[in-house]
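Note: the block below is upload-v1.txt and it holds compact mmCIF, C-alpha atoms.
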# COMPACT_ATOMS: atom_id res chain seq x y z
CA MET A 27 3.91 18.66 -24.34
CA SER A 28 0.89 16.37 -24.68
CA ILE A 29 0.79 13.64 -27.28
CA ASP A 30 -1.51 13.91 -30.29
CA ALA A 31 -4.58 11.65 -29.91
CA LYS A 32 -3.73 9.64 -33.05
CA ALA A 33 -0.21 8.99 -31.80
CA LYS A 34 -1.33 7.92 -28.34
CA PRO A 35 -0.21 4.44 -27.36
CA GLN A 36 -2.75 1.72 -26.65
CA ILE A 37 -2.54 -1.21 -24.24
CA LEU A 38 -3.74 -4.32 -26.09
CA GLU A 39 -4.30 -7.84 -24.79
CA HIS A 40 -2.59 -10.22 -27.21
CA LEU A 41 -2.97 -13.65 -25.58
CA SER A 42 -4.49 -14.97 -22.37
CA LYS A 43 -4.64 -18.34 -20.67
CA SER A 44 -6.84 -19.31 -17.75
CA LEU A 45 -5.17 -21.58 -15.19
CA THR A 46 -6.06 -23.49 -12.03
CA VAL A 47 -3.12 -22.10 -10.02
CA THR A 48 -2.61 -18.86 -8.09
CA LEU A 49 0.07 -16.79 -9.80
CA TYR A 50 2.39 -14.35 -8.01
CA GLU A 51 5.12 -13.58 -10.54
CA THR A 52 5.84 -13.60 -14.28
CA ARG A 53 9.34 -13.11 -15.72
CA TRP A 54 10.53 -13.13 -19.33
CA ILE A 55 13.42 -15.48 -20.04
CA PRO A 56 16.06 -13.17 -21.57
CA SER A 57 16.71 -13.50 -25.33
CA SER A 58 13.71 -15.74 -25.92
CA ALA A 59 9.99 -15.74 -26.67
CA ARG A 60 9.34 -17.59 -23.41
CA PHE A 61 8.48 -16.56 -19.88
CA VAL A 62 8.23 -18.19 -16.46
CA ALA A 63 5.12 -18.08 -14.28
CA LEU A 64 5.57 -18.70 -10.54
CA GLY A 65 2.88 -19.36 -7.98
CA SER A 66 1.03 -21.88 -5.89
CA TYR A 67 -1.16 -24.92 -6.50
CA ALA A 68 -4.36 -25.32 -4.47
CA ARG A 69 -2.49 -27.65 -2.11
CA ASN A 70 0.02 -24.86 -1.32
CA THR A 71 2.90 -26.41 -3.24
CA GLY A 72 5.15 -24.45 -5.56
CA CYS A 73 4.24 -24.07 -9.22
CA MET A 74 6.84 -23.18 -11.86
CA GLN A 75 5.63 -23.10 -15.46
CA VAL A 76 7.42 -22.07 -18.64
CA TYR A 77 5.32 -20.68 -21.51
CA GLU A 78 6.22 -20.03 -25.11
CA LEU A 79 4.59 -17.64 -27.56
CA ASP A 80 3.55 -19.93 -30.38
CA GLY A 81 1.67 -17.97 -33.03
CA SER A 82 -1.73 -17.12 -31.64
CA GLU A 83 -1.52 -19.26 -28.51
CA LEU A 84 0.41 -19.62 -25.28
CA LYS A 85 2.01 -23.04 -25.13
CA MET A 86 3.21 -24.50 -21.82
CA VAL A 87 6.57 -26.16 -22.45
CA LYS A 88 7.49 -27.07 -18.86
CA GLU A 89 5.75 -27.52 -15.52
CA VAL A 90 7.46 -28.26 -12.20
CA GLU A 91 5.99 -28.77 -8.73
CA LYS A 92 8.05 -28.03 -5.60
CA PRO A 93 7.26 -28.44 -1.86
CA SER A 94 6.79 -24.74 -1.04
CA ALA A 95 4.82 -22.12 -2.98
CA PHE A 96 6.84 -19.59 -5.00
CA LYS A 97 6.34 -15.89 -4.27
CA CYS A 98 8.90 -14.07 -6.47
CA GLY A 99 11.67 -14.55 -9.02
CA THR A 100 14.35 -12.77 -11.07
CA PHE A 101 16.86 -13.47 -13.85
CA GLY A 102 18.85 -10.33 -12.99
CA ALA A 103 21.81 -12.06 -11.32
CA SER A 104 22.32 -14.59 -14.12
CA SER A 105 24.27 -14.31 -17.37
CA LEU A 106 22.48 -14.40 -20.73
CA VAL A 107 24.20 -17.72 -21.41
CA ASP A 108 23.04 -19.50 -18.22
CA ARG A 109 19.67 -17.73 -17.80
CA ARG A 110 19.21 -19.13 -14.31
CA LEU A 111 16.13 -18.18 -12.36
CA ALA A 112 16.40 -17.07 -8.73
CA THR A 113 13.20 -17.69 -6.73
CA GLY A 114 11.91 -16.89 -3.25
CA ASN A 115 9.28 -19.06 -1.60
CA PHE A 116 6.82 -19.03 1.30
CA ALA A 117 9.25 -21.01 3.48
CA GLY A 118 11.88 -18.26 3.25
CA GLN A 119 14.25 -20.11 0.91
CA LEU A 120 16.22 -18.41 -1.86
CA GLN A 121 16.84 -20.93 -4.64
CA ILE A 122 18.46 -20.65 -8.07
CA TRP A 123 17.33 -22.99 -10.84
CA ASP A 124 18.73 -24.17 -14.13
CA LEU A 125 15.49 -24.33 -16.13
CA GLU A 126 16.79 -27.28 -18.16
CA HIS A 127 17.39 -29.36 -15.01
CA THR A 128 14.87 -28.40 -12.33
CA ASN A 129 15.00 -31.53 -10.17
CA LYS A 130 17.27 -29.72 -7.68
CA PRO A 131 18.40 -26.09 -7.34
CA VAL A 132 21.99 -25.08 -8.18
CA PHE A 133 21.97 -22.71 -5.18
CA GLU A 134 19.86 -22.86 -2.03
CA VAL A 135 19.91 -20.90 1.21
CA GLN A 136 17.48 -20.20 4.06
CA ALA A 137 17.28 -16.47 3.42
CA HIS A 138 14.46 -15.48 5.82
CA ALA A 139 12.51 -16.90 8.75
CA SER A 140 9.27 -17.01 6.74
CA ILE A 141 7.93 -15.79 3.38
CA ILE A 142 10.21 -13.87 0.98
CA ASN A 143 7.99 -11.02 -0.21
CA GLN A 144 10.07 -9.72 -3.10
CA MET A 145 13.50 -9.95 -4.67
CA ASP A 146 15.65 -8.26 -7.28
CA GLY A 147 18.82 -9.35 -9.05
CA PHE A 148 21.64 -7.59 -10.83
CA GLY A 149 25.20 -8.05 -12.01
CA GLY A 150 24.75 -11.13 -14.17
CA GLN A 151 24.42 -9.47 -17.56
CA ALA A 152 27.40 -8.24 -19.56
CA ARG A 153 26.39 -4.56 -19.54
CA GLY A 154 26.14 -4.23 -15.76
CA TYR A 155 28.79 -3.60 -13.15
CA GLY A 156 29.66 -5.35 -9.92
CA ALA A 157 29.07 -8.81 -8.50
CA PRO A 158 26.07 -10.95 -9.46
CA GLU A 159 23.78 -10.41 -6.47
CA VAL A 160 20.22 -11.04 -5.37
CA VAL A 161 18.49 -8.92 -2.73
CA THR A 162 15.58 -10.39 -0.77
CA CYS A 163 13.10 -8.95 1.73
CA GLY A 164 10.76 -10.78 4.05
CA ARG A 165 8.02 -10.71 6.62
CA ASP A 166 10.74 -10.74 9.29
CA GLY A 167 11.56 -7.12 8.29
CA CYS A 168 15.06 -8.03 7.06
CA VAL A 169 16.70 -7.01 3.79
CA ARG A 170 19.55 -9.31 2.77
CA VAL A 171 21.92 -9.23 -0.19
CA TRP A 172 23.32 -12.53 -1.50
CA ASP A 173 26.25 -13.12 -3.83
CA VAL A 174 25.10 -16.03 -6.03
CA ARG A 175 28.63 -17.48 -6.00
CA GLN A 176 28.58 -18.12 -2.23
CA SER A 177 25.68 -19.47 -0.20
CA ASP A 178 27.10 -19.55 3.33
CA ALA A 179 26.10 -16.02 4.44
CA PRO A 180 24.65 -12.81 2.99
CA VAL A 181 27.19 -10.21 1.82
CA ALA A 182 25.03 -7.49 3.43
CA ALA A 183 22.11 -7.57 5.85
CA PHE A 184 19.91 -4.75 7.11
CA GLU A 185 17.84 -5.97 10.02
CA PRO A 186 15.28 -4.30 12.32
CA ALA A 187 16.64 -2.94 15.59
CA ASP A 188 13.79 -4.62 17.50
CA PRO A 189 12.98 -8.00 15.86
CA ALA A 190 9.90 -8.47 18.09
CA ASN A 191 8.25 -5.38 16.54
CA ALA A 192 9.68 -5.68 13.03
CA ARG A 193 7.75 -4.09 10.16
CA ASP A 194 6.96 -6.35 7.21
CA CYS A 195 9.27 -5.47 4.29
CA TRP A 196 7.11 -5.71 1.16
CA SER A 197 9.34 -4.55 -1.68
CA VAL A 198 12.97 -4.24 -2.67
CA ALA A 199 15.05 -3.12 -5.69
CA PHE A 200 18.65 -2.61 -6.83
CA GLY A 201 19.98 0.60 -8.39
CA ASN A 202 22.91 3.02 -8.73
CA SER A 203 25.17 0.19 -9.94
CA PHE A 204 27.14 2.35 -12.37
CA ASN A 205 30.60 1.02 -11.49
CA ASP A 206 32.12 -1.96 -9.69
CA ASP A 207 31.96 -0.30 -6.25
CA GLU A 208 28.64 1.52 -6.08
CA ARG A 209 25.30 -0.17 -5.55
CA CYS A 210 22.16 0.80 -3.64
CA VAL A 211 19.15 -1.12 -2.41
CA LEU A 212 15.74 0.46 -2.06
CA ALA A 213 13.30 -1.14 0.40
CA GLY A 214 9.63 -0.39 1.14
CA TYR A 215 7.79 -1.39 4.30
CA ASP A 216 4.16 -1.94 5.33
CA ASN A 217 4.09 1.23 7.48
CA GLY A 218 5.12 3.51 4.59
CA ASP A 219 8.84 3.62 5.36
CA VAL A 220 11.16 3.77 2.34
CA LYS A 221 14.86 3.21 2.97
CA MET A 222 17.84 3.43 0.66
CA PHE A 223 20.79 1.32 1.73
CA ASP A 224 24.25 2.09 0.34
CA LEU A 225 26.06 -1.24 -0.13
CA ARG A 226 29.50 0.35 -0.49
CA MET A 227 29.19 2.22 2.82
CA ASN A 228 26.96 -0.48 4.36
CA LYS A 229 24.58 2.05 5.91
CA VAL A 230 21.23 3.79 5.40
CA ARG A 231 21.79 6.57 2.88
CA TRP A 232 18.26 8.02 2.93
CA GLU A 233 14.89 7.28 4.51
CA ALA A 234 11.41 8.74 4.35
CA ASN A 235 7.82 7.82 5.07
CA VAL A 236 5.15 8.00 2.34
CA LYS A 237 2.26 7.43 4.83
CA ASN A 238 0.98 4.30 3.07
CA GLY A 239 2.26 0.72 2.83
CA VAL A 240 4.81 0.38 0.01
CA CYS A 241 3.82 -2.39 -2.41
CA GLY A 242 6.51 -1.83 -5.01
CA VAL A 243 9.73 0.10 -5.63
CA GLN A 244 11.89 0.38 -8.74
CA PHE A 245 14.72 2.50 -10.13
CA ASP A 246 14.22 3.53 -13.74
CA ARG A 247 17.59 1.87 -14.52
CA ARG A 248 19.78 -0.29 -12.31
CA ASP A 249 23.03 0.22 -14.21
CA ILE A 250 23.33 4.02 -14.23
CA GLU A 251 24.06 6.69 -11.65
CA MET A 252 20.67 6.84 -9.98
CA ASN A 253 18.34 9.09 -11.89
CA LYS A 254 14.86 8.54 -10.41
CA PHE A 255 12.84 5.86 -8.66
CA VAL A 256 9.17 5.07 -8.17
CA VAL A 257 7.44 4.06 -4.94
CA CYS A 258 3.99 2.41 -5.23
CA CYS A 259 1.58 2.49 -2.31
CA LEU A 260 -1.77 1.45 -0.92
CA GLU A 261 -4.68 3.87 -1.47
CA ALA A 262 -4.02 4.45 -5.19
CA GLN A 263 -0.85 6.50 -4.85
CA PHE A 264 2.59 6.35 -6.35
CA HIS A 265 5.52 8.73 -5.94
CA VAL A 266 8.34 9.50 -8.38
CA PHE A 267 11.53 10.68 -6.65
CA ASP A 268 14.28 12.56 -8.47
CA ALA A 269 17.43 10.77 -7.28
CA ARG A 270 20.10 12.94 -8.94
CA THR A 271 20.22 15.49 -6.12
CA GLN A 272 20.07 14.60 -2.43
CA HIS A 273 19.59 17.50 -0.02
CA ALA A 274 21.10 17.08 3.45
CA GLN A 275 17.79 17.79 5.25
CA LYS A 276 15.05 17.41 2.66
CA GLY A 277 16.45 14.34 0.88
CA PHE A 278 15.08 13.62 -2.59
CA SER A 279 12.29 15.72 -4.08
CA SER A 280 9.24 13.89 -5.40
CA VAL A 281 5.98 14.18 -7.29
CA SER A 282 2.88 12.19 -6.24
CA GLU A 283 0.18 10.84 -8.50
CA LYS A 284 -3.15 9.22 -7.72
CA VAL A 285 -4.36 6.39 -9.93
CA SER A 286 -7.89 7.20 -11.08
CA ALA A 287 -9.49 3.92 -10.01
CA GLY A 288 -8.71 4.48 -6.34
CA SER A 289 -7.26 1.04 -5.58
CA THR A 290 -3.88 -0.24 -4.39
CA VAL A 291 -0.95 0.31 -6.75
CA TRP A 292 0.63 -3.15 -6.79
CA GLY A 293 3.77 -2.41 -8.75
CA VAL A 294 5.65 -0.48 -11.41
CA ALA A 295 7.73 -1.61 -14.38
CA HIS A 296 9.88 0.79 -16.39
CA LEU A 297 10.12 0.14 -20.12
CA PRO A 298 13.61 -1.33 -20.74
CA GLN A 299 14.01 0.65 -23.98
CA ASN A 300 12.81 4.01 -22.56
CA ARG A 301 13.32 4.82 -18.89
CA GLU A 302 10.77 7.68 -18.90
CA VAL A 303 7.88 5.32 -19.70
CA MET A 304 6.45 3.08 -16.98
CA MET A 305 3.52 0.76 -16.47
CA VAL A 306 1.69 0.83 -13.16
CA SER A 307 -0.54 -2.11 -12.18
CA SER A 308 -3.46 -1.59 -9.83
CA GLY A 309 -5.71 -3.53 -7.50
CA ASP A 310 -8.80 -3.22 -9.67
CA GLY A 311 -7.14 -5.22 -12.45
CA SER A 312 -6.18 -2.31 -14.68
CA LEU A 313 -2.88 -1.13 -16.14
CA HIS A 314 -1.85 2.51 -16.48
CA LEU A 315 0.92 3.71 -18.77
CA TYR A 316 2.68 6.90 -17.64
CA LYS A 317 5.44 9.07 -18.99
CA TYR A 318 7.70 11.18 -16.78
CA HIS A 319 8.57 14.71 -17.92
CA TYR A 320 11.66 16.40 -16.50
CA PRO A 321 11.42 19.98 -15.20
CA ASP A 322 13.25 22.84 -16.96
CA GLN A 323 15.76 22.86 -14.11
CA ARG A 324 16.58 19.61 -12.30
CA ARG A 325 18.21 21.36 -9.35
CA ILE A 326 17.99 24.70 -7.64
CA LYS A 327 19.82 26.35 -4.73
CA ASP A 328 18.01 26.74 -1.42
CA HIS A 329 18.37 29.80 0.86
CA GLU A 330 21.60 28.37 2.28
CA GLY A 331 23.07 27.79 -1.16
CA LYS A 332 22.71 23.99 -0.97
CA GLU A 333 21.49 22.11 -4.03
CA LEU A 334 17.90 20.89 -3.95
CA GLY A 335 16.38 18.57 -6.55
CA VAL A 336 13.28 19.51 -8.52
CA ALA A 337 10.72 16.84 -9.36
CA GLY A 338 9.10 16.74 -12.79
CA SER A 339 5.58 15.68 -13.72
CA VAL A 340 3.87 12.46 -14.85
CA GLU A 341 1.46 12.19 -17.76
CA LEU A 342 -1.07 9.36 -18.13
CA LEU A 343 -0.74 8.00 -21.68
CA ALA A 344 -3.14 5.05 -21.61
CA SER A 345 -5.24 2.88 -19.28
CA ARG A 346 -6.73 -0.54 -19.79
CA ALA A 347 -8.85 -2.76 -17.55
CA LEU A 348 -7.51 -6.29 -18.04
CA SER A 349 -8.90 -8.22 -15.11
CA SER A 350 -11.46 -8.14 -12.33
CA GLN A 351 -8.72 -8.92 -9.77
CA PRO A 352 -5.40 -7.23 -8.88
CA VAL A 353 -2.57 -7.44 -11.41
CA CYS A 354 0.15 -8.66 -9.06
CA SER A 355 3.06 -8.91 -11.48
CA LEU A 356 4.07 -7.37 -14.79
CA ASP A 357 7.29 -7.79 -16.76
CA TRP A 358 8.36 -6.09 -19.99
CA SER A 359 10.16 -8.16 -22.59
CA PRO A 360 13.81 -7.05 -22.63
CA ASP A 361 14.09 -7.90 -26.32
CA LYS A 362 10.80 -6.90 -27.96
CA GLU A 363 9.83 -3.32 -27.21
CA GLY A 364 6.26 -2.89 -25.94
CA LEU A 365 5.63 -6.61 -25.28
CA PHE A 366 4.74 -7.56 -21.69
CA CYS A 367 3.44 -10.49 -19.68
CA CYS A 368 1.39 -10.16 -16.52
CA ALA A 369 -0.35 -12.24 -13.88
CA ALA A 370 -3.51 -11.42 -11.98
CA PHE A 371 -5.36 -13.03 -9.09
CA ASP A 372 -8.14 -14.18 -11.43
CA GLN A 373 -5.75 -17.08 -12.21
CA THR A 374 -5.16 -15.85 -15.73
CA LEU A 375 -1.89 -15.26 -17.55
CA ARG A 376 -1.86 -12.48 -20.12
CA VAL A 377 0.54 -11.31 -22.79
CA GLY A 378 -0.03 -7.77 -24.00
CA ILE A 379 1.39 -5.20 -26.36
CA VAL A 380 1.73 -1.44 -25.97
CA THR A 381 1.60 0.23 -29.37
CA LYS A 382 3.62 3.25 -30.54
CA THR A 383 6.25 3.02 -27.81
CA LYS A 384 8.91 4.20 -30.27
CA THR A 385 7.20 7.57 -30.68
CA LEU A 386 7.05 8.38 -26.97
Can the structure in the file be given as structure tokens, please?
Amino acid sequence: MSIDAKAKPQILEHLSKSLTVTLYETRWIPSSARFVALGSYARNTGCMQVYELDGSELKMVKEVEKPSAFKCGTFGASSLVDRRLATGNFAGQLQIWDLEHTNKPVFEVQAHASIINQMDGFGGQARGYGAPEVVTCGRDGCVRVWDVRQSDAPVAAFEPADPANARDCWSVAFGNSFNDDERCVLAGYDNGDVKMFDLRMNKVRWEANVKNGVCGVQFDRRDIEMNKFVVCCLEAQFHVFDARTQHAQKGFSSVSEKVSAGSTVWGVAHLPQNREVMMVSSGDGSLHLYKYHYPDQRRIKDHEGKELGVAGSVELLASRALSSQPVCSLDWSPDKEGLFCCAAFDQTLRVGIVTKTKTL
């Protein structure tokens, strides 16, 4: 069912601020009108800035410089009371910061040999299940899961069989955390490999190759029995996998979509208030809003009587060119539906609004 033209959502730029730093990540501070921007100064030191929405302008309320450039961050493993930020830097360190007292981290560990490419956190908020954990992935090809209450060793580690020929792990995400025992990690690699690690069984649950380097992965929700997940790739492609039914030979069924501009798909962010709506950011500086439609039947029986998942379809709702450079990070506000912040390589921070999200 297509949406009436008048009811179509629009992607609007609300505020923007040009900076002199290279930005890699933006993250809303939960339960606030503030967000954190992480990146690198020209001298390759770490830049952490906190911005507040103040009427019609973006006001910087805090700026901190650290020895190594920041690459990624998450609030997912922290409670809404503490709101501590976990960060990964170019030196391979995982650090957790109290944003009120940033002179030294409250948690620090050498997580990887070199740069931490991406991280995800879960378990800190009241509605989730399981331990508060952060998962990191790095250039060394390793995926490691850390319990934020203990810094001596990772609680799980998935490492390449041959470290000398390790593939760069570009993206990582938590999911399937619907009770205190279950949790999965999804990891994407530069050669197109996608692996799902089961943390309860401590083994690879599923793997596939999507033929292009995987720049971003995300489950539509972390705290439910896994429903679907998105894999973003080089060469303008992303894939939506139906994760409810796993076939013994064929794995998860998927639908592929090509972004019209023909550039790298840098990442995906599902709307916190509606898991079927997602924003995809691309290498030409544009954002694309998609909606996933389920098929009439989510599973069928194959010729042997085994259940096989059926993928749905994706519909492009809106597109908007925001920048001349890749949009490397986008984060939806968990509290205000349709509000997002994003960072691009044109050294500009932007806050935007998607209209009519409640009608989707």
Would you tabulate, counting only C-alpha atoms, all residues of segment 284-313 of chain A that have an atom at most 12 Å from an atom of segment 191-200 of chain A, showing the closest pair of atoms and their distance in Å to one decimal, sorted by chain then ascending number, as a tab-separated table?
residue	atom	partner	partner_atom	distance
A:Trp292	CA	A:Ser197	CA	10.2
A:Gly293	CA	A:Ser197	CA	9.3
A:Val294	CA	A:Ser197	CA	11.2
A:Ala295	CA	A:Ala199	CA	11.5
Tell me, as a ChimeraX atom specification, which residues lie within 12 Å of Lys332 of chain A, counting only C-alpha atoms; anything in the same chain fewer than 2 positions away does not count.
-> /A:271-277,325-330,334-335
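Ranking A:Arg247, A:His319, A:Arg376, A:His127 by their shortest atom-to-atom distance to His296 of chain A, with only C-alpha atoms included, puts A:Arg247 first.
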Just the residues within 8 Å of His40 of chain A, please, counting only C-alpha atoms, with nothing from its chain fewer than 4 positions along; format it as an MDAnalysis selection string.
-> chainID A and resid 376:379
Leaving out Lys34 of chain A and any residue of its chain fewer than 4 positions from it, which residues lie within 12 Å of it when counting all atoms listed in the file, given as a PDB file with C-alpha atoms, keeping the file's coordinate frame?
ATOM      1  CA  SER A  28       0.890  16.370 -24.680  1.00  0.00           C
ATOM      2  CA  ILE A  29       0.790  13.640 -27.280  1.00  0.00           C
ATOM      3  CA  ASP A  30      -1.510  13.910 -30.290  1.00  0.00           C
ATOM      4  CA  LEU A 315       0.920   3.710 -18.770  1.00  0.00           C
ATOM      5  CA  TYR A 316       2.680   6.900 -17.640  1.00  0.00           C
ATOM      6  CA  LYS A 317       5.440   9.070 -18.990  1.00  0.00           C
ATOM      7  CA  GLU A 341       1.460  12.190 -17.760  1.00  0.00           C
ATOM      8  CA  LEU A 342      -1.070   9.360 -18.130  1.00  0.00           C
ATOM      9  CA  LEU A 343      -0.740   8.000 -21.680  1.00  0.00           C
ATOM     10  CA  ALA A 344      -3.140   5.050 -21.610  1.00  0.00           C
ATOM     11  CA  SER A 345      -5.240   2.880 -19.280  1.00  0.00           C
ATOM     12  CA  VAL A 380       1.730  -1.440 -25.970  1.00  0.00           C
ATOM     13  CA  THR A 381       1.600   0.230 -29.370  1.00  0.00           C
ATOM     14  CA  LYS A 382       3.620   3.250 -30.540  1.00  0.00           C
ATOM     15  CA  THR A 383       6.250   3.020 -27.810  1.00  0.00           C
ATOM     16  CA  LYS A 384       8.910   4.200 -30.270  1.00  0.00           C
ATOM     17  CA  THR A 385       7.200   7.570 -30.680  1.00  0.00           C
ATOM     18  CA  LEU A 386       7.050   8.380 -26.970  1.00  0.00           C
TER      19      LEU A 386
END
What lies within 7 Å of Asp310 of chain A using all atoms listed in the file, ignoring chain neighbours under 6 positions off, as a VMD selection string?
-> chain A and resid 289 350 to 352
When you draw a straight line from atom CA of Phe264 of chain A to atom CA of Glu283 of chain A, how long is it in Å?
->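 The value is 5.5 Å.
Using only C-alpha atoms for every distance, the candidate list A:Ser57, A:Ile37, A:Ser308, A:Asn70 yields A:Ser308 as the residue closest to Ser355 of chain A.
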Counting all atoms listed in the file, which of A:Lys254, A:Tyr50, A:Lys88, A:Pro158 gets nearest to Glu126 of chain A?
-> A:Lys88
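Taking atom CA of Arg170 of chain A and atom CA of Asn205 of chain A as endpoints, the distance between them is 20.8 Å.
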Excluding same-chain residues fewer than 5 positions from Ile122 of chain A, what lies within 9 Å of it counting all atoms listed in the file, as a CSV table (one decimal) with C-alpha atoms, in the frame of the given file?
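This went into selection17.csv:
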chain,number,residue,atom,x,y,z
A,110,ARG,CA,19.2,-19.1,-14.3
A,111,LEU,CA,16.1,-18.2,-12.4
A,112,ALA,CA,16.4,-17.1,-8.7
A,113,THR,CA,13.2,-17.7,-6.7
A,114,GLY,CA,11.9,-16.9,-3.2
A,131,PRO,CA,18.4,-26.1,-7.3
A,132,VAL,CA,22.0,-25.1,-8.2
A,133,PHE,CA,22.0,-22.7,-5.2
A,134,GLU,CA,19.9,-22.9,-2.0
A,174,VAL,CA,25.1,-16.0,-6.0
Completed segment 94-109 of chain A (N, CA, C and O atoms) as a PDB file, keeping the file's coordinate frame:
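Writing done, so here's part-v5.pdb:
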ATOM      1  N   SER A  94       7.294 -26.001  -1.599  1.00  0.00           N
ATOM      2  CA  SER A  94       6.790 -24.740  -1.040  1.00  0.00           C
ATOM      3  C   SER A  94       6.416 -23.772  -2.164  1.00  0.00           C
ATOM      4  O   SER A  94       7.107 -23.684  -3.180  1.00  0.00           O
ATOM      5  N   ALA A  95       5.323 -23.040  -1.954  1.00  0.00           N
ATOM      6  CA  ALA A  95       4.820 -22.120  -2.980  1.00  0.00           C
ATOM      7  C   ALA A  95       5.822 -21.014  -3.283  1.00  0.00           C
ATOM      8  O   ALA A  95       6.467 -20.479  -2.388  1.00  0.00           O
ATOM      9  N   PHE A  96       5.946 -20.662  -4.569  1.00  0.00           N
ATOM     10  CA  PHE A  96       6.840 -19.590  -5.000  1.00  0.00           C
ATOM     11  C   PHE A  96       6.146 -18.239  -4.878  1.00  0.00           C
ATOM     12  O   PHE A  96       4.991 -18.091  -5.240  1.00  0.00           O
ATOM     13  N   LYS A  97       6.896 -17.237  -4.405  1.00  0.00           N
ATOM     14  CA  LYS A  97       6.340 -15.890  -4.270  1.00  0.00           C
ATOM     15  C   LYS A  97       6.937 -14.907  -5.276  1.00  0.00           C
ATOM     16  O   LYS A  97       6.269 -13.997  -5.748  1.00  0.00           O
ATOM     17  N   CYS A  98       8.240 -15.066  -5.616  1.00  0.00           N
ATOM     18  CA  CYS A  98       8.900 -14.070  -6.470  1.00  0.00           C
ATOM     19  C   CYS A  98      10.053 -14.718  -7.216  1.00  0.00           C
ATOM     20  O   CYS A  98      10.504 -15.815  -6.870  1.00  0.00           O
ATOM     21  N   GLY A  99      10.554 -14.016  -8.237  1.00  0.00           N
ATOM     22  CA  GLY A  99      11.670 -14.550  -9.020  1.00  0.00           C
ATOM     23  C   GLY A  99      12.354 -13.456  -9.809  1.00  0.00           C
ATOM     24  O   GLY A  99      11.793 -12.386 -10.044  1.00  0.00           O
ATOM     25  N   THR A 100      13.607 -13.730 -10.234  1.00  0.00           N
ATOM     26  CA  THR A 100      14.350 -12.770 -11.070  1.00  0.00           C
ATOM     27  C   THR A 100      15.440 -13.499 -11.841  1.00  0.00           C
ATOM     28  O   THR A 100      16.015 -14.483 -11.364  1.00  0.00           O
ATOM     29  N   PHE A 101      15.721 -13.004 -13.063  1.00  0.00           N
ATOM     30  CA  PHE A 101      16.860 -13.470 -13.850  1.00  0.00           C
ATOM     31  C   PHE A 101      18.033 -12.492 -13.765  1.00  0.00           C
ATOM     32  O   PHE A 101      19.051 -12.700 -14.414  1.00  0.00           O
ATOM     33  N   GLY A 102      17.897 -11.434 -12.979  1.00  0.00           N
ATOM     34  CA  GLY A 102      18.850 -10.330 -12.990  1.00  0.00           C
ATOM     35  C   GLY A 102      20.274 -10.677 -12.606  1.00  0.00           C
ATOM     36  O   GLY A 102      21.220 -10.025 -13.041  1.00  0.00           O
ATOM     37  N   ALA A 103      20.459 -11.723 -11.776  1.00  0.00           N
ATOM     38  CA  ALA A 103      21.810 -12.060 -11.320  1.00  0.00           C
ATOM     39  C   ALA A 103      22.458 -13.141 -12.177  1.00  0.00           C
ATOM     40  O   ALA A 103      23.530 -13.642 -11.849  1.00  0.00           O
ATOM     41  N   SER A 104      21.802 -13.516 -13.279  1.00  0.00           N
ATOM     42  CA  SER A 104      22.320 -14.590 -14.120  1.00  0.00           C
ATOM     43  C   SER A 104      22.800 -14.043 -15.465  1.00  0.00           C
ATOM     44  O   SER A 104      22.277 -13.053 -15.972  1.00  0.00           O
ATOM     45  N   SER A 105      23.772 -14.724 -16.054  1.00  0.00           N
ATOM     46  CA  SER A 105      24.270 -14.310 -17.370  1.00  0.00           C
ATOM     47  C   SER A 105      23.267 -14.708 -18.450  1.00  0.00           C
ATOM     48  O   SER A 105      22.413 -15.579 -18.241  1.00  0.00           O
ATOM     49  N   LEU A 106      23.386 -14.094 -19.614  1.00  0.00           N
ATOM     50  CA  LEU A 106      22.480 -14.400 -20.730  1.00  0.00           C
ATOM     51  C   LEU A 106      22.734 -15.802 -21.268  1.00  0.00           C
ATOM     52  O   LEU A 106      21.887 -16.373 -21.943  1.00  0.00           O
ATOM     53  N   VAL A 107      23.903 -16.356 -20.970  1.00  0.00           N
ATOM     54  CA  VAL A 107      24.200 -17.720 -21.410  1.00  0.00           C
ATOM     55  C   VAL A 107      23.491 -18.724 -20.493  1.00  0.00           C
ATOM     56  O   VAL A 107      22.807 -19.645 -20.955  1.00  0.00           O
ATOM     57  N   ASP A 108      23.631 -18.540 -19.177  1.00  0.00           N
ATOM     58  CA  ASP A 108      23.040 -19.500 -18.220  1.00  0.00           C
ATOM     59  C   ASP A 108      21.531 -19.318 -18.070  1.00  0.00           C
ATOM     60  O   ASP A 108      20.791 -20.295 -17.980  1.00  0.00           O
ATOM     61  N   ARG A 109      21.096 -18.066 -18.002  1.00  0.00           N
ATOM     62  CA  ARG A 109      19.670 -17.730 -17.800  1.00  0.00           C
ATOM     63  C   ARG A 109      19.063 -18.529 -16.641  1.00  0.00           C
ATOM     64  O   ARG A 109      18.064 -19.212 -16.782  1.00  0.00           O
TER      65      ARG A 109
END
